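Printed here is model-v7.cif (mmCIF, N, CA and C atoms):
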data_protein
loop_
_atom_site.group_PDB
_atom_site.id
_atom_site.type_symbol
_atom_site.label_atom_id
_atom_site.label_comp_id
_atom_site.auth_asym_id
_atom_site.auth_seq_id
_atom_site.Cartn_x
_atom_site.Cartn_y
_atom_site.Cartn_z
ATOM 1 N N MET A 247 19.164 19.127 103.874
ATOM 2 C CA MET A 247 18.043 19.946 104.322
ATOM 3 C C MET A 247 18.567 21.353 104.610
ATOM 4 N N ASP A 248 17.910 22.362 104.063
ATOM 5 C CA ASP A 248 18.404 23.714 104.264
ATOM 6 C C ASP A 248 17.896 24.305 105.576
ATOM 7 N N ILE A 249 18.351 25.506 105.864
ATOM 8 C CA ILE A 249 18.073 26.159 107.143
ATOM 9 C C ILE A 249 16.576 26.396 107.365
ATOM 10 N N VAL A 250 15.839 26.732 106.320
ATOM 11 C CA VAL A 250 14.393 26.966 106.476
ATOM 12 C C VAL A 250 13.690 25.678 106.856
ATOM 13 N N MET A 251 13.953 24.605 106.137
ATOM 14 C CA MET A 251 13.261 23.347 106.416
ATOM 15 C C MET A 251 13.619 22.795 107.796
ATOM 16 N N ARG A 252 14.846 22.982 108.235
ATOM 17 C CA ARG A 252 15.216 22.566 109.596
ATOM 18 C C ARG A 252 14.453 23.382 110.625
ATOM 19 N N THR A 253 14.361 24.672 110.389
ATOM 20 C CA THR A 253 13.732 25.582 111.344
ATOM 21 C C THR A 253 12.241 25.322 111.492
ATOM 22 N N VAL A 254 11.546 25.088 110.389
ATOM 23 C CA VAL A 254 10.079 24.970 110.456
ATOM 24 C C VAL A 254 9.618 23.682 111.120
ATOM 25 N N THR A 255 10.496 22.723 111.284
ATOM 26 C CA THR A 255 10.106 21.480 111.951
ATOM 27 C C THR A 255 10.285 21.553 113.464
ATOM 28 N N GLU A 256 10.859 22.645 113.961
ATOM 29 C CA GLU A 256 11.141 22.767 115.391
ATOM 30 C C GLU A 256 9.983 23.334 116.207
ATOM 31 N N TRP A 257 9.021 23.986 115.555
ATOM 32 C CA TRP A 257 7.900 24.634 116.247
ATOM 33 C C TRP A 257 6.596 24.331 115.505
ATOM 34 N N PRO A 258 5.464 24.326 116.209
ATOM 35 C CA PRO A 258 4.185 24.120 115.520
ATOM 36 C C PRO A 258 3.869 25.233 114.506
ATOM 37 N N VAL A 259 4.230 26.483 114.853
ATOM 38 C CA VAL A 259 4.000 27.614 113.952
ATOM 39 C C VAL A 259 5.276 28.436 113.855
ATOM 40 N N VAL A 260 5.705 28.676 112.625
ATOM 41 C CA VAL A 260 6.898 29.485 112.372
ATOM 42 C C VAL A 260 6.521 30.576 111.384
ATOM 43 N N ILE A 261 6.916 31.801 111.729
ATOM 44 C CA ILE A 261 6.678 32.946 110.847
ATOM 45 C C ILE A 261 8.021 33.584 110.522
ATOM 46 N N PHE A 262 8.310 33.695 109.240
ATOM 47 C CA PHE A 262 9.471 34.451 108.791
ATOM 48 C C PHE A 262 8.964 35.832 108.427
ATOM 49 N N SER A 263 9.520 36.836 109.050
ATOM 50 C CA SER A 263 8.970 38.179 109.008
ATOM 51 C C SER A 263 10.071 39.202 108.744
ATOM 52 N N ARG A 264 9.657 40.425 108.473
ATOM 53 C CA ARG A 264 10.561 41.575 108.394
ATOM 54 C C ARG A 264 9.996 42.633 109.343
ATOM 55 N N THR A 265 10.860 43.279 110.092
ATOM 56 C CA THR A 265 10.404 44.262 111.079
ATOM 57 C C THR A 265 9.714 45.462 110.443
ATOM 58 N N SER A 266 10.057 45.791 109.212
ATOM 59 C CA SER A 266 9.489 46.972 108.544
ATOM 60 C C SER A 266 8.230 46.660 107.739
ATOM 61 N N CYS A 267 7.741 45.434 107.801
ATOM 62 C CA CYS A 267 6.609 44.993 106.975
ATOM 63 C C CYS A 267 5.304 45.073 107.771
ATOM 64 N N CYS A 268 4.376 45.928 107.301
ATOM 65 C CA CYS A 268 3.112 46.093 108.027
ATOM 66 C C CYS A 268 2.255 44.825 107.972
ATOM 67 N N MET A 269 2.292 44.089 106.869
ATOM 68 C CA MET A 269 1.524 42.845 106.787
ATOM 69 C C MET A 269 2.108 41.788 107.732
ATOM 70 N N CYS A 270 3.415 41.766 107.862
ATOM 71 C CA CYS A 270 4.051 40.849 108.813
ATOM 72 C C CYS A 270 3.552 41.142 110.222
ATOM 73 N N HIS A 271 3.500 42.417 110.566
ATOM 74 C CA HIS A 271 3.025 42.820 111.891
ATOM 75 C C HIS A 271 1.573 42.370 112.099
ATOM 76 N N SER A 272 0.751 42.545 111.077
ATOM 77 C CA SER A 272 -0.659 42.150 111.177
ATOM 78 C C SER A 272 -0.813 40.649 111.381
ATOM 79 N N ILE A 273 -0.030 39.865 110.661
ATOM 80 C CA ILE A 273 -0.124 38.408 110.784
ATOM 81 C C ILE A 273 0.354 37.949 112.163
ATOM 82 N N LYS A 274 1.454 38.528 112.638
ATOM 83 C CA LYS A 274 1.926 38.178 113.980
ATOM 84 C C LYS A 274 0.874 38.527 115.023
ATOM 85 N N SER A 275 0.255 39.689 114.885
ATOM 86 C CA SER A 275 -0.796 40.111 115.825
ATOM 87 C C SER A 275 -1.977 39.154 115.801
ATOM 88 N N LEU A 276 -2.368 38.705 114.624
ATOM 89 C CA LEU A 276 -3.476 37.746 114.511
ATOM 90 C C LEU A 276 -3.171 36.470 115.298
ATOM 91 N N PHE A 277 -1.974 35.929 115.114
ATOM 92 C CA PHE A 277 -1.622 34.706 115.832
ATOM 93 C C PHE A 277 -1.612 34.925 117.340
ATOM 94 N N PHE A 278 -1.089 36.060 117.789
ATOM 95 C CA PHE A 278 -1.095 36.354 119.220
ATOM 96 C C PHE A 278 -2.522 36.467 119.744
ATOM 97 N N GLU A 279 -3.414 37.118 118.988
ATOM 98 C CA GLU A 279 -4.810 37.259 119.406
ATOM 99 C C GLU A 279 -5.513 35.908 119.485
ATOM 100 N N LEU A 280 -5.083 34.961 118.641
ATOM 101 C CA LEU A 280 -5.665 33.616 118.676
ATOM 102 C C LEU A 280 -5.112 32.774 119.826
ATOM 103 N N GLY A 281 -4.094 33.290 120.506
ATOM 104 C CA GLY A 281 -3.497 32.563 121.617
ATOM 105 C C GLY A 281 -2.345 31.659 121.211
ATOM 106 N N VAL A 282 -1.808 31.897 120.018
ATOM 107 C CA VAL A 282 -0.696 31.095 119.515
ATOM 108 C C VAL A 282 0.614 31.811 119.826
ATOM 109 N N ASN A 283 1.612 31.057 120.196
ATOM 110 C CA ASN A 283 2.940 31.596 120.458
ATOM 111 C C ASN A 283 3.886 31.092 119.364
ATOM 112 N N PRO A 284 3.874 31.747 118.197
ATOM 113 C CA PRO A 284 4.692 31.255 117.083
ATOM 114 C C PRO A 284 6.173 31.561 117.281
ATOM 115 N N ALA A 285 7.005 30.782 116.633
ATOM 116 C CA ALA A 285 8.422 31.128 116.535
ATOM 117 C C ALA A 285 8.514 32.162 115.428
ATOM 118 N N ILE A 286 9.059 33.319 115.748
ATOM 119 C CA ILE A 286 9.144 34.404 114.778
ATOM 120 C C ILE A 286 10.605 34.688 114.493
ATOM 121 N N TYR A 287 10.932 34.678 113.211
ATOM 122 C CA TYR A 287 12.291 34.976 112.764
ATOM 123 C C TYR A 287 12.241 36.235 111.919
ATOM 124 N N GLU A 288 12.787 37.320 112.450
ATOM 125 C CA GLU A 288 12.860 38.587 111.721
ATOM 126 C C GLU A 288 14.101 38.528 110.842
ATOM 127 N N VAL A 289 13.889 38.266 109.559
ATOM 128 C CA VAL A 289 15.020 38.003 108.663
ATOM 129 C C VAL A 289 15.917 39.215 108.466
ATOM 130 N N ASP A 290 15.413 40.409 108.779
ATOM 131 C CA ASP A 290 16.239 41.601 108.648
ATOM 132 C C ASP A 290 17.031 41.909 109.917
ATOM 133 N N GLU A 291 16.897 41.073 110.948
ATOM 134 C CA GLU A 291 17.596 41.325 112.209
ATOM 135 C C GLU A 291 18.482 40.178 112.684
ATOM 136 N N ILE A 292 18.185 38.968 112.268
ATOM 137 C CA ILE A 292 18.896 37.823 112.832
ATOM 138 C C ILE A 292 20.131 37.453 112.002
ATOM 139 N N GLU A 293 21.080 36.832 112.694
ATOM 140 C CA GLU A 293 22.221 36.259 112.003
ATOM 141 C C GLU A 293 21.673 35.178 111.065
ATOM 142 N N LYS A 294 22.169 35.044 109.915
ATOM 143 C CA LYS A 294 21.703 34.110 108.886
ATOM 144 C C LYS A 294 20.355 34.511 108.301
ATOM 145 N N GLY A 295 19.883 35.712 108.616
ATOM 146 C CA GLY A 295 18.617 36.175 108.076
ATOM 147 C C GLY A 295 18.644 36.282 106.562
ATOM 148 N N HIS A 296 19.758 36.742 106.022
ATOM 149 C CA HIS A 296 19.884 36.854 104.563
ATOM 150 C C HIS A 296 19.814 35.468 103.924
ATOM 151 N N GLU A 297 20.485 34.503 104.541
ATOM 152 C CA GLU A 297 20.458 33.129 104.027
ATOM 153 C C GLU A 297 19.040 32.557 104.055
ATOM 154 N N ILE A 298 18.326 32.815 105.128
ATOM 155 C CA ILE A 298 16.946 32.350 105.251
ATOM 156 C C ILE A 298 16.070 33.005 104.192
ATOM 157 N N GLU A 299 16.204 34.317 104.038
ATOM 158 C CA GLU A 299 15.381 35.020 103.062
ATOM 159 C C GLU A 299 15.658 34.536 101.637
ATOM 160 N N GLN A 300 16.922 34.266 101.326
ATOM 161 C CA GLN A 300 17.262 33.749 100.001
ATOM 162 C C GLN A 300 16.653 32.367 99.781
ATOM 163 N N SER A 301 16.664 31.546 100.802
ATOM 164 C CA SER A 301 16.053 30.219 100.697
ATOM 165 C C SER A 301 14.550 30.339 100.453
ATOM 166 N N LEU A 302 13.903 31.263 101.151
ATOM 167 C CA LEU A 302 12.475 31.493 100.935
ATOM 168 C C LEU A 302 12.219 31.996 99.519
ATOM 169 N N LEU A 303 13.026 32.937 99.072
ATOM 170 C CA LEU A 303 12.844 33.505 97.734
ATOM 171 C C LEU A 303 13.011 32.456 96.644
ATOM 172 N N ARG A 304 13.942 31.535 96.835
ATOM 173 C CA ARG A 304 14.131 30.455 95.851
ATOM 174 C C ARG A 304 12.871 29.611 95.712
ATOM 175 N N ARG A 305 12.068 29.570 96.748
ATOM 176 C CA ARG A 305 10.809 28.820 96.734
ATOM 177 C C ARG A 305 9.618 29.706 96.367
ATOM 178 N N GLY A 306 9.880 30.964 96.036
ATOM 179 C CA GLY A 306 8.811 31.879 95.674
ATOM 180 C C GLY A 306 8.025 32.414 96.855
ATOM 181 N N ARG A 307 8.660 32.466 98.017
ATOM 182 C CA ARG A 307 7.978 32.905 99.232
ATOM 183 C C ARG A 307 8.664 34.144 99.774
ATOM 184 N N ILE A 308 7.856 35.100 100.205
ATOM 185 C CA ILE A 308 8.393 36.313 100.807
ATOM 186 C C ILE A 308 7.721 36.518 102.159
ATOM 187 N N PRO A 309 8.385 37.218 103.079
ATOM 188 C CA PRO A 309 7.761 37.497 104.368
ATOM 189 C C PRO A 309 6.488 38.321 104.215
ATOM 190 N N PRO A 310 5.463 38.037 104.994
ATOM 191 C CA PRO A 310 5.438 36.987 105.995
ATOM 192 C C PRO A 310 5.215 35.615 105.357
ATOM 193 N N ALA A 311 6.062 34.692 105.708
ATOM 194 C CA ALA A 311 5.936 33.308 105.252
ATOM 195 C C ALA A 311 5.579 32.477 106.480
ATOM 196 N N VAL A 312 4.409 31.860 106.447
ATOM 197 C CA VAL A 312 3.885 31.150 107.613
ATOM 198 C C VAL A 312 3.896 29.645 107.359
ATOM 199 N N PHE A 313 4.480 28.923 108.310
ATOM 200 C CA PHE A 313 4.525 27.468 108.282
ATOM 201 C C PHE A 313 3.764 26.966 109.500
ATOM 202 N N ILE A 314 2.875 26.011 109.283
ATOM 203 C CA ILE A 314 2.119 25.398 110.372
ATOM 204 C C ILE A 314 2.323 23.894 110.272
ATOM 205 N N GLY A 315 2.743 23.301 111.378
ATOM 206 C CA GLY A 315 2.996 21.863 111.381
ATOM 207 C C GLY A 315 4.092 21.453 110.403
ATOM 208 N N GLY A 316 5.058 22.320 110.194
ATOM 209 C CA GLY A 316 6.182 22.024 109.313
ATOM 210 C C GLY A 316 5.906 22.229 107.840
ATOM 211 N N GLU A 317 4.684 22.650 107.491
ATOM 212 C CA GLU A 317 4.295 22.837 106.091
ATOM 213 C C GLU A 317 4.046 24.309 105.803
ATOM 214 N N TYR A 318 4.467 24.745 104.619
ATOM 215 C CA TYR A 318 4.191 26.121 104.205
ATOM 216 C C TYR A 318 2.700 26.274 103.966
ATOM 217 N N VAL A 319 2.103 27.281 104.615
ATOM 218 C CA VAL A 319 0.676 27.537 104.459
ATOM 219 C C VAL A 319 0.455 28.725 103.527
ATOM 220 N N GLY A 320 1.247 29.764 103.673
ATOM 221 C CA GLY A 320 1.088 30.913 102.800
ATOM 222 C C GLY A 320 1.582 32.191 103.431
ATOM 223 N N GLY A 321 1.297 33.262 102.714
ATOM 224 C CA GLY A 321 1.635 34.598 103.177
ATOM 225 C C GLY A 321 0.433 35.246 103.833
ATOM 226 N N ALA A 322 0.477 36.558 103.898
ATOM 227 C CA ALA A 322 -0.565 37.305 104.600
ATOM 228 C C ALA A 322 -1.958 37.045 104.021
ATOM 229 N N GLY A 323 -2.091 37.123 102.707
ATOM 230 C CA GLY A 323 -3.403 36.931 102.084
ATOM 231 C C GLY A 323 -4.012 35.582 102.386
ATOM 232 N N LYS A 324 -3.212 34.552 102.298
ATOM 233 C CA LYS A 324 -3.700 33.190 102.555
ATOM 234 C C LYS A 324 -4.097 33.016 104.020
ATOM 235 N N ILE A 325 -3.279 33.522 104.929
ATOM 236 C CA ILE A 325 -3.565 33.383 106.361
ATOM 237 C C ILE A 325 -4.855 34.115 106.717
ATOM 238 N N ILE A 326 -5.029 35.322 106.193
ATOM 239 C CA ILE A 326 -6.250 36.078 106.468
ATOM 240 C C ILE A 326 -7.466 35.356 105.885
ATOM 241 N N SER A 327 -7.338 34.825 104.680
ATOM 242 C CA SER A 327 -8.442 34.069 104.068
ATOM 243 C C SER A 327 -8.809 32.853 104.903
ATOM 244 N N LEU A 328 -7.805 32.095 105.336
ATOM 245 C CA LEU A 328 -8.070 30.927 106.174
ATOM 246 C C LEU A 328 -8.776 31.322 107.463
ATOM 247 N N HIS A 329 -8.351 32.431 108.044
ATOM 248 C CA HIS A 329 -8.972 32.907 109.279
ATOM 249 C C HIS A 329 -10.436 33.272 109.039
ATOM 250 N N LEU A 330 -10.706 34.008 107.971
ATOM 251 C CA LEU A 330 -12.077 34.415 107.669
ATOM 252 C C LEU A 330 -12.970 33.223 107.331
ATOM 253 N N GLU A 331 -12.385 32.184 106.743
ATOM 254 C CA GLU A 331 -13.127 30.960 106.414
ATOM 255 C C GLU A 331 -13.266 30.033 107.618
ATOM 256 N N GLN A 332 -12.701 30.433 108.751
ATOM 257 C CA GLN A 332 -12.679 29.642 109.984
ATOM 258 C C GLN A 332 -11.936 28.321 109.799
ATOM 259 N N SER A 333 -10.942 28.324 108.932
ATOM 260 C CA SER A 333 -10.129 27.135 108.691
ATOM 261 C C SER A 333 -8.780 27.195 109.386
ATOM 262 N N LEU A 334 -8.388 28.369 109.841
ATOM 263 C CA LEU A 334 -7.061 28.531 110.442
ATOM 264 C C LEU A 334 -6.974 27.863 111.808
ATOM 265 N N GLN A 335 -7.942 28.082 112.663
ATOM 266 C CA GLN A 335 -7.876 27.520 114.011
ATOM 267 C C GLN A 335 -7.823 25.999 114.021
ATOM 268 N N PRO A 336 -8.608 25.289 113.204
ATOM 269 C CA PRO A 336 -8.458 23.826 113.177
ATOM 270 C C PRO A 336 -7.046 23.385 112.757
ATOM 271 N N MET A 337 -6.443 24.114 111.840
ATOM 272 C CA MET A 337 -5.064 23.794 111.450
ATOM 273 C C MET A 337 -4.120 23.959 112.627
ATOM 274 N N LEU A 338 -4.335 25.007 113.412
ATOM 275 C CA LEU A 338 -3.484 25.283 114.568
ATOM 276 C C LEU A 338 -3.664 24.222 115.653
ATOM 277 N N VAL A 339 -4.903 23.777 115.835
ATOM 278 C CA VAL A 339 -5.173 22.701 116.799
ATOM 279 C C VAL A 339 -4.468 21.422 116.350
ATOM 280 N N ASN A 340 -4.600 21.077 115.069
ATOM 281 C CA ASN A 340 -3.972 19.857 114.540
ATOM 282 C C ASN A 340 -2.455 19.887 114.663
ATOM 283 N N ALA A 341 -1.874 21.079 114.576
ATOM 284 C CA ALA A 341 -0.417 21.217 114.661
ATOM 285 C C ALA A 341 0.067 21.268 116.114
ATOM 286 N N GLY A 342 -0.871 21.349 117.052
ATOM 287 C CA GLY A 342 -0.486 21.426 118.460
ATOM 288 C C GLY A 342 -0.168 22.832 118.924
ATOM 289 N N ALA A 343 -0.567 23.830 118.155
ATOM 290 C CA ALA A 343 -0.298 25.226 118.530
ATOM 291 C C ALA A 343 -1.396 25.790 119.422
ATOM 292 N N LEU A 344 -2.567 25.178 119.385
ATOM 293 C CA LEU A 344 -3.684 25.524 120.256
ATOM 294 C C LEU A 344 -4.190 24.253 120.901
ATOM 295 N N LEU A 345 -4.610 24.344 122.137
ATOM 296 C CA LEU A 345 -5.099 23.156 122.829
ATOM 297 C C LEU A 345 -6.452 22.712 122.311
ATOM 298 N N GLU A 346 -7.313 23.667 122.057
ATOM 299 C CA GLU A 346 -8.638 23.341 121.537
ATOM 300 C C GLU A 346 -9.193 24.568 120.837
ATOM 301 N N GLU A 347 -10.188 24.333 120.008
ATOM 302 C CA GLU A 347 -10.834 25.437 119.320
ATOM 303 C C GLU A 347 -11.730 26.170 120.303
ATOM 304 N N PRO A 348 -11.680 27.515 120.292
ATOM 305 C CA PRO A 348 -12.577 28.270 121.181
ATOM 306 C C PRO A 348 -14.032 28.096 120.736
ATOM 307 N N ALA A 349 -14.930 28.150 121.702
ATOM 308 C CA ALA A 349 -16.351 28.033 121.405
ATOM 309 C C ALA A 349 -16.805 29.237 120.585
ATOM 310 N N VAL A 350 -17.653 28.988 119.617
ATOM 311 C CA VAL A 350 -18.177 30.063 118.782
ATOM 312 C C VAL A 350 -19.541 30.446 119.311
ATOM 313 N N GLY A 351 -19.776 31.735 119.374
ATOM 314 C CA GLY A 351 -21.105 32.142 119.755
ATOM 315 C C GLY A 351 -21.110 33.084 120.838
#
As a first step, turn the structure in this file into structure tokens.
Amino acid sequence: MDIVMRTVTEWPVVIFSRTSCCMCHSIKSLFFELGVNPAIYEVDEIEKGHEIEQSLLRRGRIPPAVFIGGEYVGGAGKIISLHLEQSLQPMLVNAGALLEEPAVG
């Protein structure tokens, strides 16, 4: 099992990000606004960040790479689409990242 797969099983939500990426910043902000406390790995700042980024690239994934419940969900476009479709919060509840879905209305 490589470093990415080990890491994503340790938290309900894991985001692999780059500090200079505006979409990464937007996705992190979205999760914070939803009340989620994701594990965030800034691949351009952490030790083994290059190794992590190479592992992601081998799988065709670039930051922001979002994993929920140990499964790859997608990048910025996918996360925003799920949010707009109101599908993101149920995924977060199922993964244990949110206690319950907020009331709509």
Q. Between A:Val250, A:Val260, A:Leu345, A:Val312, which one has atoms that come closest to His296 (chain A), using only C-alpha atoms?
A.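 Smallest separation from His296 (chain A) among the options: A:Val250.
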Q: Would you kindly return, as a VMD selection string, each protein, DNA or RNA residue with an atom no farther than 12 Å from any atom of region 326-328 of chain A, considering only C-alpha atoms and excluding same-chain residues fewer than 4 positions away?
A: chain A and resid 269 to 270 272 to 277 310 312 319 to 322 332 to 338
Q.
Assuming the chain letters and numbering stay as they are in my file, what does the PyMOL selection byres (((chain A and resi 289 and name CA) around 7) and name CA) actually select? List them as a PyMOL selection string.
A. chain A and resi 262-264+287-288+290-292+295-296+298-299
Q: Would you mind writing down, as a VMD selection string, each residue of chain A that DSSP on the backbone assigns to alpha helix (DSSP H)?
A: chain A and resid 249 to 254 268 to 279 295 to 304 322 to 330 334 to 341
**Q.** Distance of CA of Val282 (chain A) from CA of Gly315 (chain A), expressed in Å to one decimal place
**A.** 12.8 Å
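As for CA of Lys294 (chain A) and atom C of Asp248 (chain A), they are spaced 11.0 Å apart.
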Quick one: axis-aligned box around all listed atoms of region 314-328 of chain A, 6 Å on every side, centre and edge lengths in Å to one decimal, written as AutoDock Vina command-line options.
--center_x -1.3 --center_y 29.4 --center_z 106.7 --size_x 27.0 --size_y 27.9 --size_z 21.3
